[in-house]
Amino acid sequence: MANPIKRGESGSQVSSWNPTSSAASSLVSTIVPYGLTLQQTILTTGKVAIPADVTFVYAICVGAGGGAQVIYGSAGAGGVAWGWSLAVPYCVVGAGGTAGFGGYTRYGSIIAGGGAGGINTAAGVLGASANGAGAGYAGSVGSTNMWGIPNAGGNQGVSAISGGGGAYSTTTTGQNGGNGLVGGGGGGSTVANGGSGGNGINIITGAITFGGTATSNAGGGGAGVAGNGLSGSGIKGGNGGLGGGGGGASTGGTSYSTGGNGIIYLYW
């Protein structure tokens with residue numbers, strides 16, 4: 001007899017990822033639980049009403065995206081975690097970072113980290129912009145990912161469950177954010193347009209969510225699992241989409257992009 005909490009024989013309902021695969025959409029059938037109904041979509045921290053006869057719930061948590069600081073790195077996407085938890089009456093939903101890390105999201109034992117912010121204070125540090133000698137600046141890591149490695153032209157943010165931020169460039173267009181279930185922010189440029197935000201996947205429907213486009217020198221925001229990233233506007237990078245999108249790189253003044261807020265889906 002088939003295990004009732006598995007999709008087929010290989011779809012175990014716990015967080016997993018094949019790092020050799022870039023097809024994030026293939027994860028959707030693994031993440032969404034077979035035979036259960038989506039009961040609640042939670043957007044804010046607070047109390048959760050669970051029926052008295054429900055002991056365990058299946059939760060999908062998405063951390064908030066990071067926000068990018070002026071000029072330097074774009075921001076990484078929030079993390080995604082899923083699995084079974086004891087039913088609890090309270091949850092935490094991460095707020096999108098502004099020039100810094102996004103907040104974590106938690107329901108019971110399921111915790112998704114926030115995306116890293118694009119900052120300019122620590123070269124080569126996890127979650128910070130890395131200063132390439134004579135080159136551009138890297139975007140920051142996604143919660144489960146790597147940043148774009150800087151070179152003379154910059155690199156696209158790495159694609160995985162949570163997309164990395166695209167690199168900032170001094171010689172060409174800013175690099176695109178990484179794609180995934182959640183998209184990273186697009187990098188900025190001193191000489192051309194910024195990069196677009198990475199695309200994501202709506203976990204519930206399987207539809208693509210789209211990263212924001214770049215404008216002027218600023219990058220577009222990464223897509224969240226529940227909303228598209230916003231386009232850049234002048235020198236301000238686009239904000240990340242709802243459900244963990246990373247903020248796009250800004251390129252001057254005092255403008256900062258904000259990552260997309262986290263989200264929780266509960267099934268029973």
# chains A, B, ... in the order shown; residues from 1 in each chain; ligands from 1
call {"tool": "residues_around", "arguments": {"residues": "Ala249 of chain A", "least_positions_apart": "6", "cutoff": "6 Å", "atoms": "only C-alpha atoms", "output": "count of residues only"}}
result
8
call {"tool": "residues_around", "arguments": {"residues": "Thr190 of chain A", "least_positions_apart": "4", "cutoff": "9 Å", "atoms": "only C-alpha atoms", "output": "list of chain:residue names"}}
result
A:Ile71, A:Tyr168, A:Ser169, A:Thr170, A:Thr171, A:Thr172, A:Thr173, A:Gly174, A:Gly194, A:Asn217, A:Ala218, A:Thr251
call {"tool": "closest_residue", "arguments": {"among": "A:Gly240, A:Val32, A:Ala214, A:Trp268", "to": "Thr55 of chain A", "atoms": "only C-alpha atoms"}}
result
A:Trp268
call {"tool": "closest_residue", "arguments": {"among": "A:Gly195, A:Tyr58, A:Ile201, A:Gly185", "to": "Gly35 of chain A", "atoms": "only C-alpha atoms"}}
result
A:Tyr58
